[in-house]
Amino acid sequence: MNIILPVLAALVVGVLIGRFLLGRVFKNMEEDAKRKAKMLIKEAESSAETMKRNKVLEAKEKFLKMKSDFESESSKRKNQLSVNENRLKQYENKLKQNENKLKQKEAQLTKGLEQQKKKTQELDQRFDEIAEQKELAIKAKEEAENLRLQQVSQLEKIANLKADEAREQLVEALKDEARSKASIHIKNIMEEAKLTATKEAKKTVITTIQRTAAEHAIENCVSVFNLENDELKGKIIGREGRNIRALEASTGVEIIVDDTPEAIIISGFDPVRREIARVSLQRLVADGRIHPARIEEVVAKTRKSIEDEILELGERTVIDLGIHGLHPELIRMVGRMRFRSSYGQNLLQHSREVAKLAASMASELGLNAKQAKRAGLLHDIGKVWPEEPEVPHAILGMNLAKKYGEHPDVCNAIGAHHDEIEMTTLISPIVQACDAISGSRPGARREMMESYIKRLKELESMALSFKGVHKCYAMQAGRELRVMVDAENVSDTEAGQLSFDIANKIENEMQYPGQIKVTVIREMRAVNYAK
């Protein structure tokens, strides 16, 4: 009994202690669970806040990107709209000018018709007067013949009375009749000789023309550069038009980008510049890298390749015509003829045609055909001399031929084909006649082209005469003059004064339709090299 009570007490105490300890354990576990739950809640809240901030940042970035794209697209569209507005203004100006020209031509035609009508009336009156005079002359002739017959009959009647006098009068009458018949006979012989000579000359010319075949083409002032798609127009224009301005400044032509599908128009009066611009555009589009520095590099390479092509074309021409021993500088100038025109007629094709015609005509007449062919090819060589002095092209061509050792007969034919000097050889009139045959063919020439190109060249030369001018290009068919000056020699203030001075000189010394815009461009470049 004494043992059971302590055991029960120990059990009770043990149960109480175990329960107490178990409660403490459960309480600690509960507190740990609460702490973990709070930590999880905090981590979830932190993660949610981080995700929220990331989403907000992504949304802001996407908004900013869309805003930037929209602004860029708006800027491009504004630039394109500005370019289109400028083109439309240009077209409106062209239409107005064409309308004025049409009105002037209409007035000239009306005036010409009136003058022609007056001339027709005057000719009718003149014909009537000639007919009356002819009738009077016929009557006078009949009366003179009747008088002569009466005198002869009277002389015959009185011949027995005064034989010597009658015989003398009869002899004089017979002499007058013989002289009259002789003069008529001589006149008929001369007219027949002239007619025969004219027929023979026409026969020679026609035979020469029939034996000559030539290609005929009329050069224009516009070239068209075709594109694969219209997206390339934006790359060619560049940001804010930098690329197209660099291309125009390097080549000296006007690049017209309008609504024409898959095409760009290259406008310029100099065919060499247009060809350089066309080939440069072709290379830039094929390469894909289009920016101002690349444009200047490609234009420089293209200009060199065009010069090589000119020399090759001159060599091929003289080989085709069978001309040997020509000086290399003359061969180069023959190649440059391909890129020049005479009254709208391609100068090289015209010179080849004249050379073939002259050789055929000289062979028909039994003259030196080789010299005639040589003179025909070189007769317009003075038109492609780059310096263009103030002398006629025929005299300049003659001087060049003498300088490079051509035969004196060839030199005389070149200098005399426009009657600037006296013809001293039979080849000279042949070359002159062949030049007229080639140039007067219907549709071969447009006389306005020569005066137009001459006016543009005078415009550029006038601007280049000012101090500090580096380059000068006539643009937009001569309605705009772009002048590039050296930044080191001309300040901004002097550039403004220079444009004013050039405009005043043009007004005082040149004749031109409409108005000419003078733009002076001063560009400063700082270049350094990292080594």
# chains A, B, ... in the order shown; residues from 1 in each chain; ligands from 1

$ residues_around --residues "A:Val354" --least-positions-apart "2" --cutoff "9 Å" --atoms "only C-alpha atoms" --output "PyMOL selection string"
chain A and resi 349-352+356-359+373+375-377+379+431+434-438

$ residues_around --residues "A:Asn229" --least-positions-apart "3" --cutoff "9 Å" --atoms "only C-alpha atoms" --output "number ranges by chain"
A: 226, 232-233, 261-263

$ write_last_selection --atoms "N, CA, C and O atoms" --output "PDB file, in the first residue's frame"
ATOM      1  N   ASN A 226      15.190  52.742-113.064  1.00  0.00           N
ATOM      2  CA  ASN A 226      14.152  51.837-112.601  1.00  0.00           C
ATOM      3  C   ASN A 226      14.558  51.167-111.292  1.00  0.00           C
ATOM      4  O   ASN A 226      15.722  50.819-111.085  1.00  0.00           O
ATOM      5  N   LEU A 232      12.827  51.344-101.873  1.00  0.00           N
ATOM      6  CA  LEU A 232      14.184  51.862-102.067  1.00  0.00           C
ATOM      7  C   LEU A 232      14.202  53.382-102.181  1.00  0.00           C
ATOM      8  O   LEU A 232      15.253  53.999-101.983  1.00  0.00           O
ATOM      9  N   LYS A 233      13.058  53.998-102.505  1.00  0.00           N
ATOM     10  CA  LYS A 233      13.026  55.456-102.605  1.00  0.00           C
ATOM     11  C   LYS A 233      13.360  56.106-101.269  1.00  0.00           C
ATOM     12  O   LYS A 233      14.068  57.114-101.209  1.00  0.00           O
ATOM     13  N   PRO A 261       5.670  54.973-110.196  1.00  0.00           N
ATOM     14  CA  PRO A 261       5.957  53.677-109.541  1.00  0.00           C
ATOM     15  C   PRO A 261       7.262  53.069-110.021  1.00  0.00           C
ATOM     16  O   PRO A 261       7.537  53.006-111.216  1.00  0.00           O
ATOM     17  N   GLU A 262       8.104  52.682-109.037  1.00  0.00           N
ATOM     18  CA  GLU A 262       9.341  51.945-109.276  1.00  0.00           C
ATOM     19  C   GLU A 262      10.261  52.671-110.279  1.00  0.00           C
ATOM     20  O   GLU A 262      10.853  52.067-111.152  1.00  0.00           O
ATOM     21  N   ALA A 263      10.386  53.988-110.128  1.00  0.00           N
ATOM     22  CA  ALA A 263      11.245  54.751-111.042  1.00  0.00           C
ATOM     23  C   ALA A 263      11.662  56.046-110.380  1.00  0.00           C
ATOM     24  O   ALA A 263      10.923  56.642-109.585  1.00  0.00           O
TER      25      ALA A 263
END

$ select_by_dssp --residues "stretch 214-388 of chain A" --states "alpha helix (DSSP H)" --output "number ranges by chain"
A: 231-237, 242-251, 271-287, 292-321, 328-336, 347-364, 369-378

$ residues_around --residues "A:Met423" --least-positions-apart "4" --cutoff "12 Å" --atoms "only C-alpha atoms" --output "PyMOL selection string"
chain A and resi 408-419+427-432

$ residues_around --residues "stretch 323-331 of chain A" --least-positions-apart "4" --cutoff "7 Å" --atoms "only C-alpha atoms" --output "ChimeraX atom specification"
/A:311,314-315,318-319,335,374,404

$ write_last_selection --atoms "N, CA, C and O atoms" --output "PDB file, in the first residue's frame"
ATOM      1  N   LEU A 311      37.379  56.444-123.322  1.00  0.00           N
ATOM      2  CA  LEU A 311      38.563  56.102-124.109  1.00  0.00           C
ATOM      3  C   LEU A 311      38.328  54.822-124.920  1.00  0.00           C
ATOM      4  O   LEU A 311      38.688  54.743-126.104  1.00  0.00           O
ATOM      5  N   GLY A 314      36.085  55.568-127.910  1.00  0.00           N
ATOM      6  CA  GLY A 314      36.807  56.246-128.989  1.00  0.00           C
ATOM      7  C   GLY A 314      37.660  55.286-129.784  1.00  0.00           C
ATOM      8  O   GLY A 314      37.698  55.343-131.027  1.00  0.00           O
ATOM      9  N   GLU A 315      38.354  54.359-129.091  1.00  0.00           N
ATOM     10  CA  GLU A 315      39.179  53.370-129.792  1.00  0.00           C
ATOM     11  C   GLU A 315      38.311  52.456-130.657  1.00  0.00           C
ATOM     12  O   GLU A 315      38.680  52.140-131.796  1.00  0.00           O
ATOM     13  N   VAL A 318      37.193  54.412-133.950  1.00  0.00           N
ATOM     14  CA  VAL A 318      38.201  54.565-135.010  1.00  0.00           C
ATOM     15  C   VAL A 318      38.538  53.219-135.639  1.00  0.00           C
ATOM     16  O   VAL A 318      38.852  53.134-136.837  1.00  0.00           O
ATOM     17  N   ILE A 319      38.455  52.127-134.849  1.00  0.00           N
ATOM     18  CA  ILE A 319      38.696  50.788-135.414  1.00  0.00           C
ATOM     19  C   ILE A 319      37.566  50.417-136.374  1.00  0.00           C
ATOM     20  O   ILE A 319      37.804  49.888-137.476  1.00  0.00           O
ATOM     21  N   GLY A 335      35.564  59.667-128.194  1.00  0.00           N
ATOM     22  CA  GLY A 335      34.720  58.948-127.242  1.00  0.00           C
ATOM     23  C   GLY A 335      33.786  59.868-126.486  1.00  0.00           C
ATOM     24  O   GLY A 335      32.636  59.509-126.190  1.00  0.00           O
ATOM     25  N   ARG A 374      38.457  60.761-142.405  1.00  0.00           N
ATOM     26  CA  ARG A 374      39.132  61.303-141.219  1.00  0.00           C
ATOM     27  C   ARG A 374      38.584  62.704-140.893  1.00  0.00           C
ATOM     28  O   ARG A 374      38.292  63.022-139.738  1.00  0.00           O
ATOM     29  N   TYR A 404      47.791  68.060-133.045  1.00  0.00           N
ATOM     30  CA  TYR A 404      48.051  66.629-132.926  1.00  0.00           C
ATOM     31  C   TYR A 404      48.452  65.989-134.254  1.00  0.00           C
ATOM     32  O   TYR A 404      48.279  64.781-134.447  1.00  0.00           O
TER      33      TYR A 404
END

$ select_by_dssp --residues "stretch 313-516 of chain A" --states "strand (DSSP E)" --output "VMD selection string"
chain A and resid 341 to 342 345 to 346 469 to 475 480 to 485

$ write_last_selection --atoms "C-alpha atoms" --output "PDB file, in the first residue's frame"
ATOM      1  CA  SER A 341      24.590  66.375-128.720  1.00  0.00           C
ATOM      2  CA  SER A 342      24.371  68.883-131.565  1.00  0.00           C
ATOM      3  CA  GLN A 345      21.385  64.917-132.498  1.00  0.00           C
ATOM      4  CA  ASN A 346      23.947  62.596-130.879  1.00  0.00           C
ATOM      5  CA  VAL A 469      33.416  79.298-105.550  1.00  0.00           C
ATOM      6  CA  HIS A 470      34.409  75.625-105.547  1.00  0.00           C
ATOM      7  CA  LYS A 471      31.639  73.964-107.576  1.00  0.00           C
ATOM      8  CA  CYS A 472      28.554  75.145-109.395  1.00  0.00           C
ATOM      9  CA  TYR A 473      25.607  73.247-110.912  1.00  0.00           C
ATOM     10  CA  ALA A 474      22.603  74.500-112.888  1.00  0.00           C
ATOM     11  CA  MET A 475      19.506  72.616-111.699  1.00  0.00           C
ATOM     12  CA  GLU A 480      18.080  77.150-109.955  1.00  0.00           C
ATOM     13  CA  LEU A 481      21.834  77.668-109.562  1.00  0.00           C
ATOM     14  CA  ARG A 482      23.533  75.808-106.695  1.00  0.00           C
ATOM     15  CA  VAL A 483      26.920  77.239-105.744  1.00  0.00           C
ATOM     16  CA  MET A 484      29.302  75.403-103.380  1.00  0.00           C
ATOM     17  CA  VAL A 485      31.935  77.623-101.712  1.00  0.00           C
TER      18      VAL A 485
END

$ residues_around --residues "A:Lys505" --least-positions-apart "6" --cutoff "12 Å" --atoms "only C-alpha atoms" --output "number ranges by chain"
A: 458-459, 461-463, 465-466, 498-499, 511, 516, 518

$ atom_distance --atom1 "atom CA of A:Lys78" --atom2 "atom CA of A:Ile255"
19.2 Å

$ closest_residue --among "A:Leu321, A:Val279, A:Leu57, A:Ala37" --to "A:Ser305" --atoms "only C-alpha atoms"
A:Val279

$ atom_distance --atom1 "atom CA of A:Gln108" --atom2 "atom CA of A:Arg126"
26.3 Å

$ residues_around --residues "A:Ser491" --least-positions-apart "6" --cutoff "10 Å" --atoms "only C-alpha atoms" --output "VMD selection string"
chain A and resid 468 485 497 522

$ write_last_selection --atoms "N, CA, C and O atoms" --output "CSV table (one decimal), in the first residue's frame"
chain,number,residue,atom,x,y,z
A,468,GLY,N,36.3,82.2,-104.4
A,468,GLY,CA,35.8,81.3,-103.4
A,468,GLY,C,34.9,80.3,-103.8
A,468,GLY,O,34.5,79.4,-103.0
A,485,VAL,N,30.8,76.8,-102.0
A,485,VAL,CA,31.9,77.6,-101.7
A,485,VAL,C,32.8,77.0,-100.7
A,485,VAL,O,32.4,76.1,-99.9
A,497,GLN,N,26.2,87.7,-99.3
A,497,GLN,CA,26.6,88.7,-100.3
A,497,GLN,C,26.9,88.2,-101.7
A,497,GLN,O,26.6,88.7,-102.7
A,522,ARG,N,27.5,76.7,-98.0
A,522,ARG,CA,28.7,76.7,-97.3
A,522,ARG,C,28.7,75.6,-96.3
A,522,ARG,O,27.9,75.6,-95.3

$ atom_distance --atom1 "atom CA of A:Ala394" --atom2 "atom CA of A:Met361"
21.3 Å

$ closest_residue --among "A:Gly241, A:Pro6, A:Gly478, A:Pro392" --to "A:Lys517" --atoms "only C-alpha atoms"
A:Gly478

$ closest_residue --among "A:Lys403, A:Arg245, A:Arg239, A:Lys467" --to "A:Lys76" --atoms "only C-alpha atoms"
A:Arg239
